[in-house]
Structure formats: structure tokens, C-alpha cells
$ cat upload-v2.txt   # compact mmCIF, C-alpha atoms
# COMPACT_ATOMS: atom_id res chain seq x y z
CA MET A 197 24.20 -14.41 2.66
CA LYS A 198 24.14 -10.61 2.42
CA SER A 199 25.88 -8.52 5.04
CA CYS A 200 24.62 -5.45 6.88
CA LEU A 201 26.60 -3.03 9.04
CA ILE A 202 24.43 -1.59 11.82
CA VAL A 203 25.66 1.86 12.84
CA ASP A 204 23.98 3.30 15.93
CA ASP A 205 25.23 4.59 19.26
CA SER A 206 22.32 2.92 21.07
CA LYS A 207 23.07 -0.63 22.12
CA VAL A 208 19.35 -1.37 22.36
CA ILE A 209 18.64 -0.19 18.80
CA ARG A 210 21.57 -2.25 17.51
CA MET A 211 20.21 -5.30 19.29
CA VAL A 212 16.69 -4.83 17.88
CA ALA A 213 18.02 -4.24 14.36
CA ARG A 214 20.38 -7.23 14.64
CA LYS A 215 17.50 -9.51 15.61
CA ILE A 216 15.31 -8.36 12.72
CA LEU A 217 18.18 -8.56 10.20
CA HIS A 218 19.10 -12.08 11.30
CA GLU A 219 15.47 -13.07 10.73
CA MET A 220 15.85 -11.58 7.25
CA SER A 221 18.93 -13.84 6.75
CA PHE A 222 21.54 -11.08 6.87
CA SER A 223 24.90 -11.43 8.56
CA THR A 224 25.54 -8.37 10.69
CA GLU A 225 28.37 -6.31 12.07
CA GLU A 226 27.96 -3.36 14.43
CA ALA A 227 29.52 0.03 14.98
CA GLU A 228 28.71 2.63 17.63
CA ASP A 229 29.74 5.67 15.59
CA GLY A 230 30.64 6.77 12.07
CA LEU A 231 34.39 6.46 12.52
CA VAL A 232 34.24 2.86 13.73
CA ALA A 233 31.85 2.16 10.84
CA LEU A 234 34.25 3.67 8.33
CA GLU A 235 37.08 1.44 9.58
CA ALA A 236 34.80 -1.58 9.26
CA CYS A 237 33.97 -0.62 5.66
CA LYS A 238 37.66 -0.23 4.80
CA ARG A 239 38.24 -3.79 6.01
CA ALA A 240 35.26 -5.23 4.11
CA MET A 241 32.47 -3.44 2.28
CA PRO A 242 29.07 -4.65 3.50
CA ASP A 243 26.11 -5.05 1.14
CA ALA A 244 23.99 -2.75 3.29
CA VAL A 245 24.42 -0.14 6.00
CA LEU A 246 21.65 0.71 8.45
CA LEU A 247 22.68 4.14 9.62
CA ASP A 248 21.73 6.39 12.52
CA TRP A 249 22.16 10.16 12.11
CA ASN A 250 23.10 11.57 15.50
CA MET A 251 26.12 9.82 16.97
CA PRO A 252 29.24 10.97 18.86
CA VAL A 253 32.69 11.15 17.18
CA MET A 254 31.36 11.02 13.61
CA ASN A 255 27.69 11.38 12.73
CA GLY A 256 25.80 9.44 10.07
CA ILE A 257 25.79 12.03 7.30
CA ASP A 258 29.57 12.64 7.57
CA PHE A 259 30.14 8.89 7.55
CA LEU A 260 28.03 8.53 4.41
CA ARG A 261 29.93 11.25 2.54
CA GLU A 262 33.26 9.63 3.50
CA LEU A 263 31.98 6.18 2.59
CA ARG A 264 30.94 7.22 -0.91
CA ARG A 265 34.48 8.56 -1.51
CA LEU A 266 36.15 5.26 -0.62
CA PRO A 267 37.13 2.75 -3.32
CA GLY A 268 34.12 0.44 -3.58
CA GLY A 269 32.17 2.84 -1.36
CA ASP A 270 29.37 3.03 -3.89
CA HIS A 271 28.57 -0.65 -3.33
CA PRO A 272 26.70 -0.62 0.00
CA VAL A 273 23.02 0.20 -0.07
CA VAL A 274 22.65 2.79 2.69
CA VAL A 275 19.40 3.05 4.62
CA PHE A 276 19.22 5.84 7.18
CA CYS A 277 17.36 4.97 10.36
CA THR A 278 16.91 8.05 12.50
CA THR A 279 14.58 10.18 14.59
CA GLU A 280 15.25 13.11 12.21
CA ASN A 281 11.97 13.13 10.30
CA ASP A 282 11.77 16.42 8.44
CA ILE A 283 12.03 16.92 4.68
CA GLU A 284 15.32 18.88 4.95
CA HIS A 285 17.15 16.02 6.68
CA ILE A 286 15.75 13.46 4.26
CA GLN A 287 16.75 15.61 1.29
CA GLU A 288 20.26 16.05 2.70
CA ALA A 289 20.58 12.28 3.14
CA ILE A 290 19.50 11.57 -0.44
CA THR A 291 21.94 14.16 -1.77
CA ALA A 292 24.76 12.57 0.25
CA GLY A 293 23.99 9.21 -1.37
CA ALA A 294 21.46 7.48 0.89
CA ASN A 295 19.28 4.91 -0.89
CA GLU A 296 16.41 4.83 1.59
CA TYR A 297 15.34 6.46 4.82
CA ILE A 298 13.55 5.07 7.86
CA MET A 299 12.04 7.41 10.42
CA LYS A 300 12.21 5.96 13.93
CA PRO A 301 10.40 4.29 15.57
CA PHE A 302 10.69 1.36 13.23
CA ASP A 303 9.65 -2.28 13.32
CA SER A 304 10.41 -5.41 11.31
CA GLU A 305 7.66 -4.63 8.82
CA ILE A 306 9.10 -1.23 7.93
CA LEU A 307 12.67 -2.55 7.79
CA GLN A 308 11.63 -5.38 5.50
CA ALA A 309 9.59 -3.05 3.28
CA LYS A 310 12.49 -0.64 2.89
CA PHE A 311 15.11 -3.36 2.28
CA SER A 312 12.81 -4.92 -0.26
CA GLN A 313 12.28 -1.57 -2.03
CA VAL A 314 16.01 -1.10 -2.58
CA GLY A 315 16.47 -4.66 -3.88
CA LEU A 316 18.19 -6.14 -0.83
CA LEU A 317 15.51 -8.84 -0.44
CA MET B 205 -23.02 -13.87 21.50
CA ARG B 206 -25.84 -16.31 20.79
CA PRO B 207 -25.54 -18.49 17.66
CA ASP B 208 -28.68 -16.92 16.14
CA GLU B 209 -27.20 -13.45 16.67
CA PHE B 210 -23.96 -14.54 15.00
CA GLU B 211 -25.88 -15.91 12.04
CA TYR B 212 -27.91 -12.73 11.78
CA VAL B 213 -24.88 -10.42 11.72
CA ALA B 214 -22.94 -12.75 9.38
CA LYS B 215 -25.83 -12.65 6.89
CA LEU B 216 -26.14 -8.90 7.25
CA LEU B 217 -22.44 -8.45 6.42
CA LYS B 218 -22.59 -10.82 3.47
CA ASP B 219 -25.67 -9.12 1.99
CA ARG B 220 -24.35 -5.62 2.42
CA SER B 221 -20.66 -6.03 1.54
CA GLY B 222 -20.05 -9.61 0.41
CA LEU B 223 -17.84 -10.15 3.45
CA ILE B 224 -17.84 -13.71 4.78
CA ILE B 225 -17.47 -14.12 8.53
CA THR B 226 -17.13 -17.72 9.71
CA PRO B 227 -17.53 -18.72 13.39
CA ASP B 228 -13.73 -19.06 13.74
CA LYS B 229 -13.45 -15.36 12.86
CA SER B 230 -16.02 -14.27 15.43
CA TYR B 231 -13.22 -12.63 17.44
CA LEU B 232 -13.20 -10.00 14.68
CA LEU B 233 -16.75 -9.04 15.64
CA GLU B 234 -15.61 -8.54 19.21
CA SER B 235 -12.56 -6.45 18.35
CA ARG B 236 -14.14 -4.28 15.67
CA LEU B 237 -17.67 -3.83 16.93
CA THR B 238 -16.96 -3.19 20.61
CA PRO B 239 -15.80 0.37 19.77
CA VAL B 240 -19.03 0.87 17.75
CA ALA B 241 -21.08 -0.27 20.76
CA ARG B 242 -19.17 1.97 23.19
CA LYS B 243 -19.60 4.96 20.89
CA ARG B 244 -23.34 4.46 21.24
CA GLY B 245 -23.20 4.28 25.00
CA LEU B 246 -23.68 0.50 25.12
CA LYS B 247 -21.69 -1.77 27.38
CA GLY B 248 -20.32 -4.03 24.72
CA LEU B 249 -20.90 -6.36 21.80
CA ASP B 250 -23.72 -8.33 23.45
CA ASP B 251 -25.83 -5.21 23.92
CA LEU B 252 -25.17 -4.18 20.34
CA MET B 253 -26.16 -7.60 19.01
CA SER B 254 -29.35 -7.88 21.00
CA GLY B 255 -30.63 -4.63 19.50
CA LEU B 256 -29.48 -5.40 15.97
CA ARG B 257 -32.78 -6.59 14.51
CA SER B 258 -34.40 -3.23 15.17
CA ALA B 259 -31.30 -1.19 14.24
CA GLY B 260 -31.59 1.72 11.85
CA GLU B 261 -29.68 2.20 8.60
CA ASP B 262 -27.00 4.35 10.24
CA LEU B 263 -25.97 1.63 12.67
CA LEU B 264 -26.06 -1.13 10.04
CA ARG B 265 -23.83 0.97 7.85
CA GLU B 266 -21.44 1.70 10.68
CA ILE B 267 -21.20 -2.01 11.49
CA THR B 268 -20.49 -2.91 7.87
CA GLU B 269 -17.80 -0.25 7.59
CA ALA B 270 -16.16 -1.31 10.85
CA MET B 271 -16.02 -4.94 9.76
CA THR B 272 -14.55 -4.50 6.29
CA THR B 273 -10.78 -4.66 6.23
CA ASN B 274 -9.15 -1.39 5.38
CA GLU B 275 -5.55 -2.32 4.98
CA SER B 276 -3.81 -0.36 2.30
CA PHE B 277 -0.35 0.93 1.60
CA PHE B 278 1.53 2.79 -1.08
CA PHE B 279 2.92 0.66 -3.93
CA ARG B 280 1.68 -2.49 -2.22
CA ASP B 281 3.68 -5.50 -3.50
CA ILE B 282 5.52 -3.10 -5.90
CA LYS B 283 5.46 -5.62 -8.84
CA PRO B 284 1.95 -4.73 -10.11
CA PHE B 285 2.96 -1.07 -10.24
CA GLU B 286 6.11 -1.95 -12.17
CA GLN B 287 3.96 -3.97 -14.58
CA PHE B 288 1.64 -1.00 -14.93
CA ARG B 289 4.51 1.39 -15.66
CA THR B 290 6.37 -0.86 -18.08
CA MET B 291 3.61 -2.89 -19.76
CA VAL B 292 0.06 -1.58 -19.30
CA LEU B 293 0.80 2.16 -19.50
CA PRO B 294 2.83 1.95 -22.76
CA ARG B 295 0.09 -0.28 -24.21
CA MET B 296 -2.59 2.23 -23.27
CA LEU B 297 -0.58 5.09 -24.75
CA GLU B 298 -0.42 3.12 -27.97
CA VAL B 299 -4.01 1.89 -28.27
CA ARG B 300 -5.60 5.10 -26.99
CA ALA B 301 -3.32 7.40 -29.04
CA ALA B 302 -6.20 8.62 -31.19
CA ARG B 303 -8.39 9.85 -28.33
CA LYS B 304 -5.56 10.51 -25.86
CA SER B 305 -7.54 9.49 -22.82
CA PHE B 306 -8.16 6.48 -20.62
CA ARG B 307 -9.63 5.70 -17.24
CA ILE B 308 -8.23 3.76 -14.28
CA TRP B 309 -10.31 2.39 -11.43
CA SER B 310 -8.98 1.55 -7.98
CA ALA B 311 -11.80 -0.64 -6.65
CA ALA B 312 -12.21 -0.95 -2.87
CA CYS B 313 -9.56 1.74 -2.57
CA SER B 314 -9.75 2.10 1.22
CA SER B 315 -7.73 5.15 2.30
CA GLY B 316 -6.51 5.86 -1.24
CA GLN B 317 -2.88 4.69 -1.28
CA GLU B 318 -3.25 2.57 -4.42
CA ALA B 319 -4.98 5.35 -6.37
CA TYR B 320 -2.35 7.89 -5.28
CA SER B 321 0.49 5.46 -6.13
CA LEU B 322 -0.88 5.30 -9.67
CA ALA B 323 -1.19 9.08 -9.78
CA MET B 324 2.48 9.42 -8.75
CA ILE B 325 3.55 6.96 -11.46
CA LEU B 326 1.70 9.04 -14.05
CA LYS B 327 3.14 12.28 -12.69
CA GLU B 328 6.65 10.81 -12.92
CA GLU B 329 6.09 10.21 -16.65
CA GLY B 330 6.09 13.99 -17.08
CA ALA B 331 6.11 15.36 -20.62
CA ARG B 332 5.37 11.97 -22.15
CA LEU B 333 1.76 12.33 -21.02
CA ALA B 334 1.34 15.95 -22.10
CA GLY B 335 -2.05 16.40 -23.74
CA TRP B 336 -3.42 13.15 -22.27
CA LYS B 337 -6.47 13.01 -20.06
CA ILE B 338 -6.05 10.15 -17.63
CA GLU B 339 -8.74 9.75 -15.01
CA ILE B 340 -8.20 7.80 -11.80
CA VAL B 341 -11.31 6.86 -9.84
CA GLY B 342 -11.12 5.34 -6.37
CA THR B 343 -14.22 3.75 -4.87
CA ASP B 344 -14.99 2.19 -1.54
CA LEU B 345 -18.10 1.39 0.45
CA SER B 346 -16.69 3.04 3.56
CA ASN B 347 -17.43 6.71 3.72
CA GLU B 348 -14.96 7.08 6.59
CA MET B 349 -12.14 5.63 4.46
CA LEU B 350 -13.07 7.84 1.52
CA GLU B 351 -12.91 10.93 3.70
CA LYS B 352 -9.41 9.90 4.75
CA ALA B 353 -8.47 9.26 1.11
CA LYS B 354 -9.77 12.67 0.02
CA ALA B 355 -7.87 14.39 2.81
CA GLY B 356 -4.64 12.75 1.62
CA LEU B 357 -3.18 12.82 5.14
CA TYR B 358 -1.07 9.88 6.24
CA SER B 359 0.81 8.93 9.38
CA GLN B 360 4.57 8.42 9.50
CA PHE B 361 3.94 4.67 9.71
CA GLU B 362 1.73 4.73 6.59
CA VAL B 363 4.21 6.65 4.45
CA GLN B 364 6.96 4.19 5.35
CA ARG B 365 5.12 1.15 4.03
CA GLY B 366 6.11 0.90 0.39
CA LEU B 367 6.57 4.53 -0.57
CA PRO B 368 10.08 5.19 -1.94
CA ILE B 369 11.75 8.00 -0.01
CA GLN B 370 12.37 10.02 -3.18
CA LEU B 371 8.61 10.12 -3.82
CA LEU B 372 7.87 11.07 -0.21
CA VAL B 373 10.17 14.06 -0.50
CA LYS B 374 8.79 15.03 -3.88
CA TYR B 375 5.06 14.63 -3.34
CA PHE B 376 4.42 15.10 0.39
CA LYS B 377 4.66 17.89 2.91
CA LYS B 378 5.06 17.31 6.60
CA THR B 379 2.44 18.81 8.88
CA THR B 380 2.83 18.62 12.65
CA ASP B 381 2.64 14.86 12.91
CA MET B 382 1.22 13.76 9.55
CA TRP B 383 2.27 13.76 5.89
CA GLN B 384 0.06 15.60 3.41
CA ILE B 385 0.03 14.54 -0.23
CA ASP B 386 0.63 17.23 -2.86
CA PRO B 387 -2.58 18.96 -4.07
CA ALA B 388 -1.54 18.25 -7.69
CA ILE B 389 -1.53 14.49 -6.98
CA ARG B 390 -4.76 14.76 -5.01
CA ALA B 391 -6.42 16.51 -7.93
CA MET B 392 -5.61 13.56 -10.22
CA VAL B 393 -7.90 11.19 -8.28
CA GLN B 394 -11.66 11.30 -7.74
CA PHE B 395 -13.05 9.32 -4.84
CA ARG B 396 -16.60 7.99 -4.86
CA GLU B 397 -18.65 5.88 -2.51
CA TYR B 398 -19.58 2.65 -4.26
CA ASN B 399 -20.42 -0.94 -3.43
CA LEU B 400 -18.90 -3.60 -5.72
CA LEU B 401 -22.02 -5.71 -5.38
CA HIS B 402 -24.18 -3.03 -6.96
CA ASP B 403 -24.62 -2.09 -10.61
CA LEU B 404 -21.33 -0.44 -11.57
CA LYS B 405 -22.49 1.05 -14.88
CA PRO B 406 -22.99 4.58 -13.47
CA LEU B 407 -19.23 4.69 -12.92
CA GLY B 408 -18.70 4.56 -16.69
CA GLN B 409 -16.24 2.44 -18.63
CA PHE B 410 -12.70 1.75 -17.45
CA ASP B 411 -9.56 0.74 -19.30
CA VAL B 412 -7.57 -0.50 -16.31
CA VAL B 413 -9.11 -1.90 -13.13
CA PHE B 414 -7.24 -2.56 -9.90
CA CYS B 415 -9.28 -4.86 -7.66
CA ARG B 416 -6.51 -6.32 -5.53
CA ASN B 417 -6.93 -8.23 -2.29
CA VAL B 418 -10.68 -7.76 -2.37
CA LEU B 419 -12.00 -11.09 -3.69
CA ILE B 420 -10.23 -12.97 -0.89
CA TYR B 421 -12.90 -11.79 1.54
CA PHE B 422 -15.79 -13.15 -0.57
CA ASP B 423 -17.31 -16.57 -1.09
CA GLN B 424 -17.25 -18.15 -4.55
CA PRO B 425 -20.65 -16.89 -5.85
CA THR B 426 -19.86 -13.36 -4.67
CA LYS B 427 -16.44 -13.47 -6.36
CA THR B 428 -18.16 -14.50 -9.60
CA ARG B 429 -20.72 -11.72 -9.19
CA VAL B 430 -18.04 -9.06 -8.64
CA LEU B 431 -16.00 -10.24 -11.64
CA ASP B 432 -19.17 -10.21 -13.77
CA ASN B 433 -19.86 -6.66 -12.59
CA ILE B 434 -16.32 -5.58 -13.47
CA ASP B 435 -16.60 -7.26 -16.86
CA ARG B 436 -19.58 -5.03 -17.66
CA VAL B 437 -17.57 -1.83 -17.12
CA ILE B 438 -14.14 -2.77 -18.49
CA ALA B 439 -13.15 -2.02 -22.08
CA ASP B 440 -12.67 -5.03 -24.42
CA ASP B 441 -8.94 -4.35 -24.52
CA GLY B 442 -8.72 -3.37 -20.83
CA PHE B 443 -6.66 -4.92 -18.06
CA LEU B 444 -7.71 -6.18 -14.66
CA TYR B 445 -5.33 -6.48 -11.70
CA LEU B 446 -6.04 -8.94 -8.91
CA GLY B 447 -4.05 -9.59 -5.73
CA GLY B 448 -1.22 -12.13 -5.59
CA ALA B 449 -3.37 -14.68 -3.76
CA GLU B 450 -6.36 -14.26 -6.08
CA THR B 451 -7.31 -15.89 -9.36
CA VAL B 452 -10.18 -16.09 -11.85
CA LEU B 453 -9.58 -19.81 -12.33
CA GLY B 454 -12.76 -21.75 -11.63
CA ILE B 455 -14.56 -18.51 -10.73
CA SER B 456 -15.11 -16.64 -13.96
CA ASP B 457 -14.52 -17.18 -17.66
CA LYS B 458 -14.80 -13.44 -18.32
CA PHE B 459 -11.07 -12.88 -17.77
CA LYS B 460 -7.90 -14.71 -18.78
CA PRO B 461 -4.43 -14.33 -17.26
CA VAL B 462 -1.98 -12.31 -19.34
CA PRO B 463 0.95 -14.70 -20.01
CA GLU B 464 4.03 -14.01 -17.89
CA GLN B 465 2.34 -11.07 -16.12
CA ARG B 466 1.31 -12.45 -12.75
CA GLY B 467 -1.84 -10.88 -11.35
CA VAL B 468 -2.79 -9.17 -14.64
CA TYR B 469 -5.85 -10.32 -16.59
CA ALA B 470 -7.27 -9.43 -20.00
CA THR B 471 -10.93 -9.74 -20.91
CA SER B 472 -12.06 -12.90 -22.71
CA ARG B 473 -13.69 -10.61 -25.28
CA ALA B 474 -10.24 -9.27 -26.22
CA GLN B 475 -8.82 -12.77 -26.51
CA GLY B 476 -11.70 -13.92 -28.66
CA LYS B 477 -10.91 -11.26 -31.25
$ encode --input "upload-v2.txt" --output "C-alpha cells"
Amino acid sequence: MKSCLIVDDSKVIRMVARKILHEMSFSTEEAEDGLVALEACKRAMPDAVLLDWNMPVMNGIDFLRELRRLPGGDHPVVVFCTTENDIEHIQEAITAGANEYIMKPFDSEILQAKFSQVGLL
Amino acid sequence: MRPDEFEYVAKLLKDRSGLIITPDKSYLLESRLTPVARKRGLKGLDDLMSGLRSAGEDLLREITEAMTTNESFFFRDIKPFEQFRTMVLPRMLEVRAARKSFRIWSAACSSGQEAYSLAMILKEEGARLAGWKIEIVGTDLSNEMLEKAKAGLYSQFEVQRGLPIQLLVKYFKKTTDMWQIDPAIRAMVQFREYNLLHDLKPLGQFDVVFCRNVLIYFDQPTKTRVLDNIDRVIADDGFLYLGGAETVLGISDKFKPVPEQRGVYATSRAQGK
């Protein structure tokens, strides 16, 4: 079973994502900001990270840059999932090492399509 | 709706588009034709149906367009596009090396995502295709869909179904709330209104034909007729793509599956050589 770390400061979004990911046969862990997520990754690298952009303490893009510097930090497939939907943000995410990008609102169809595109399904 | 009205509209749809509507799918008439009725100031489907026998061409056309399924997304099922990039395209570059041109047809192209996906694949090949003339033609019977395809404007939802993010950034610009495909990609595709049940010869000959998830809506004789029509316009050494749930088996002997390439078919003429 593949693992996915859901990083989002919204409890509701985490719950929705968790439900969809369980249906896709992923085990999940959750973090409410980038710093908590980074600690989780240091303990055990997940196969995938579903990552919000705007969060308190440490935002998504800073988390991603830190993650890619960690030993084994190139392993997780990182899919941004954010309301930021302009080219500049998407470009910045790709440069920082994101593998895919979901513009909120999202549903199970989009999540599945994106995870499938990056070889997670 | 009265049974005779159902039969009348079902026959109309089959004759005009090949679409088969069975009584268990009659809810589709309700959901798709009620907006057509309202647009004309009628109360609902029943009013539309009762006036159908004396309806003019415009209304019949509108009904046919509203009933045909227009689901399309970029790089749908991904595998056929990978096959195209790694198997069919190199083969075409080899066998058409002398004339440096070939033609691709996206049949029943709906709002154009398949045709534009192919255009992006070709664009990504870059210098390798320098000097080549590769035509992509998208056809559909729905004028409304073709207008959308030509405009190359897609919603956020549409660009998130199958389109890799790197290609979105590279080939699209964001307008207020839509995504506009690059004019260079748009210029690679011609869109034309065409019915698959009609004589396809005026479209010219094609080397690669994508006719995916189209046959599923037809009955057996119509499937055979469409495959016969395609056979008349595909090159001897051309390739036909069908959808994952479609086959030629028991329907047509004009095409044979390409071994180990699911969904890809070669002409029987090529195999006979």
C-alpha cells in the first residue's frame, strides 16, 4: 500500500482528501503546516505528498524546498493542491520540485487523474 | 412522452447521428432536451416532442447536437498517446521520410482536446520534425462543439483532466477564468463539421485516425458502416485508434489489431501485403 502525507491547514480539506485517498487504497498521514509535515517526512518518507500552499508556520513552497534537500527527500511525488491558480505560482512550484499541481476546488476525479499521471496509480 | 414519440425521436437520432437511444436511456432525452425546449419558449420535453414531426432543420439539428455525448479531455487514457509518441510517430517518420508529410484525423473530436493533445506531442518533438508537414484535422457533427474547439478556451476543470502541469504552463495562458491554448498549437489543427455516417472522401486520405469512444454509441450495423467509411480514407499502412472498450472483432474485417498495442489497429490491406 502506498502512503500519502496530506498537508493542509484546513481540517475539512484534509478529511475530504483522506476519504478520496483511502478509496484509492492509500494509507494517509496528516499535517496542518509545513513544519509538522517536515518532521513527519524525517520520521518516514511517504510515497506522495498532497500539499497546500498557504499555511501558517511554514507554507507549502518552503516545505517543498526543505523536503527536496533532505536525505531521501527526492522520493515523494509531490502534488500541490491549492487555490493559487496563476501561471507564476505553478511555475514556482515546478521549479521547487513539484511533480503535479491541482487547482482547488478539486474532486476525486481530478485527484485520481493527477495521481495516475505521475505514476502513483 | 408517448411511446410513438419516443420511437420517432429515437429513429431521428439514429438516422442523423447513428446514436442509439433505448427506452432505459429515455431519461437522457429529458435531461438534454428540456433546455432545448425552454430555449424555444416551450414548457418542457412533452411540448417539444409533440411538435417534432413538423419541426424544421434547425431544431432537428439542435436536438441531435444536444443528444450526442461530448465528453472529451486532454490525453484521455494517456496510453494511446504514449503509443502514438513511441510507436506510430517514429513509424510515420520512417515510412513517410521521402515526402515528409502525413495527416492525422481526430474523428468525433468534440471540443478538440484530443486533437490539441496530438498537436502538443508533435510540438514537443521540436527539431526532429523540422521540415515536416503534419496536418491534424478534427471533425465533429456538432457545430457548437467545433466552435468551442476552434476557440481553444477551456475551464479550470477541463485543463485538470489529463493535461500534465508542465504542458499547461507551456502551452496555455490564463484569462480571467478560463485557459487559452497557445495560438501556435491552435494553428496546427483544422476543425471541420463532418458526420461519420456520410461519405468521408472529401476529407482526403489520412495516415493515422483516432476514432476513440465513438463506436460505443452505435449499433452493430452502424459500427460496421463507420469502420467501412474510415477504411476508404485511411492509407494502406495507416493506423486506427479505437477506445479501450471498443473492438473490430465481429464487426469489420477491414482492420486487424496491432499485436501488443492495445487499441491500435492496422488495415487488413497492409497485413495482406
$ residues_around --input "upload-v2.txt" --residues "Asp282 (chain A)" --least-positions-apart "5" --cutoff "10 Å" --atoms "only C-alpha atoms" --output "list in words"
Gln287 and Met299 of chain A; Val373, Lys377, Lys378 and Thr379 of chain B
$ closest_residue --input "upload-v2.txt" --among "B:Gln370, B:Thr238, B:Ser254, B:Ser310" --to "chain A" --atoms "all atoms listed in the file"
B:Gln370
$ residues_around --input "upload-v2.txt" --residues "Ile434 (chain B)" --least-positions-apart "2" --cutoff "9 Å" --atoms "all atoms listed in the file" --output "list in words"
Leu400, Leu404, Val413, Arg429, Val430, Leu431, Asp432, Arg436, Val437, Ile438 and Leu444 of chain B
$ residues_around --input "upload-v2.txt" --residues "Ile298 (chain A)" --least-positions-apart "5" --cutoff "8 Å" --atoms "all atoms listed in the file" --output "MDAnalysis selection string"
(chainID A and resid 275:278 306:307 310) or (chainID B and resid 364)
$ atom_distance --input "upload-v2.txt" --atom1 "CA of Tyr297 (chain A)" --atom2 "CA of Pro368 (chain B)"
8.7 Å
$ interface_residues --input "upload-v2.txt" --of "chain A" --to "chain B" --cutoff "12 Å" --atoms "all atoms listed in the file" --output "VMD selection string"
chain A and resid 275 to 277 279 to 291 293 to 315
$ atom_distance --input "upload-v2.txt" --atom1 "CA of Lys283 (chain B)" --atom2 "CA of Lys198 (chain A)"
22.4 Å
$ atom_distance --input "upload-v2.txt" --atom1 "CA of Arg261 (chain A)" --atom2 "CA of Leu371 (chain B)"
22.3 Å
$ closest_residue --input "upload-v2.txt" --among "B:Arg206, B:Lys243, B:Met349, B:Lys460" --to "Ser230 (chain B)" --atoms "all atoms listed in the file"
B:Arg206
$ residues_around --input "upload-v2.txt" --residues "Pro252 (chain A)" --least-positions-apart "3" --cutoff "9 Å" --atoms "only C-alpha atoms" --output "list of chain:residue names"
A:Asp205, A:Glu228, A:Asp229, A:Gly230, A:Asn255
$ closest_residue --input "upload-v2.txt" --among "A:Glu262, A:Glu235, A:Glu225, A:Asp243" --to "Met197 (chain A)" --atoms "all atoms listed in the file"
A:Asp243
$ closest_residue --input "upload-v2.txt" --among "A:Leu316, A:Arg239, A:Val203, A:Leu234" --to "Arg264 (chain A)" --atoms "only C-alpha atoms"
A:Leu234
$ residues_around --input "upload-v2.txt" --residues "Lys238 (chain A)" --least-positions-apart "6" --cutoff "12 Å" --atoms "all atoms listed in the file" --output "PyMOL selection string"
chain A and resi 231-232+262-269+272
$ closest_residue --input "upload-v2.txt" --among "B:Gly255, B:Pro406, B:Gly260, B:Pro425" --to "Lys218 (chain B)" --atoms "only C-alpha atoms"
B:Pro425
$ closest_atom_pairs --input "upload-v2.txt" --of "region 316-360 of chain B" --to "region 292-308 of chain B" --cutoff "7 Å" --atoms "only C-alpha atoms" --output "CSV"
residue,atom,partner,partner_atom,distance
B:Trp336,CA,B:Lys304,CA,4.9
B:Lys337,CA,B:Ser305,CA,4.6
B:Ile338,CA,B:Phe306,CA,5.2
B:Glu339,CA,B:Arg307,CA,4.7
B:Ile340,CA,B:Ile308,CA,4.7
B:Val341,CA,B:Ile308,CA,6.2
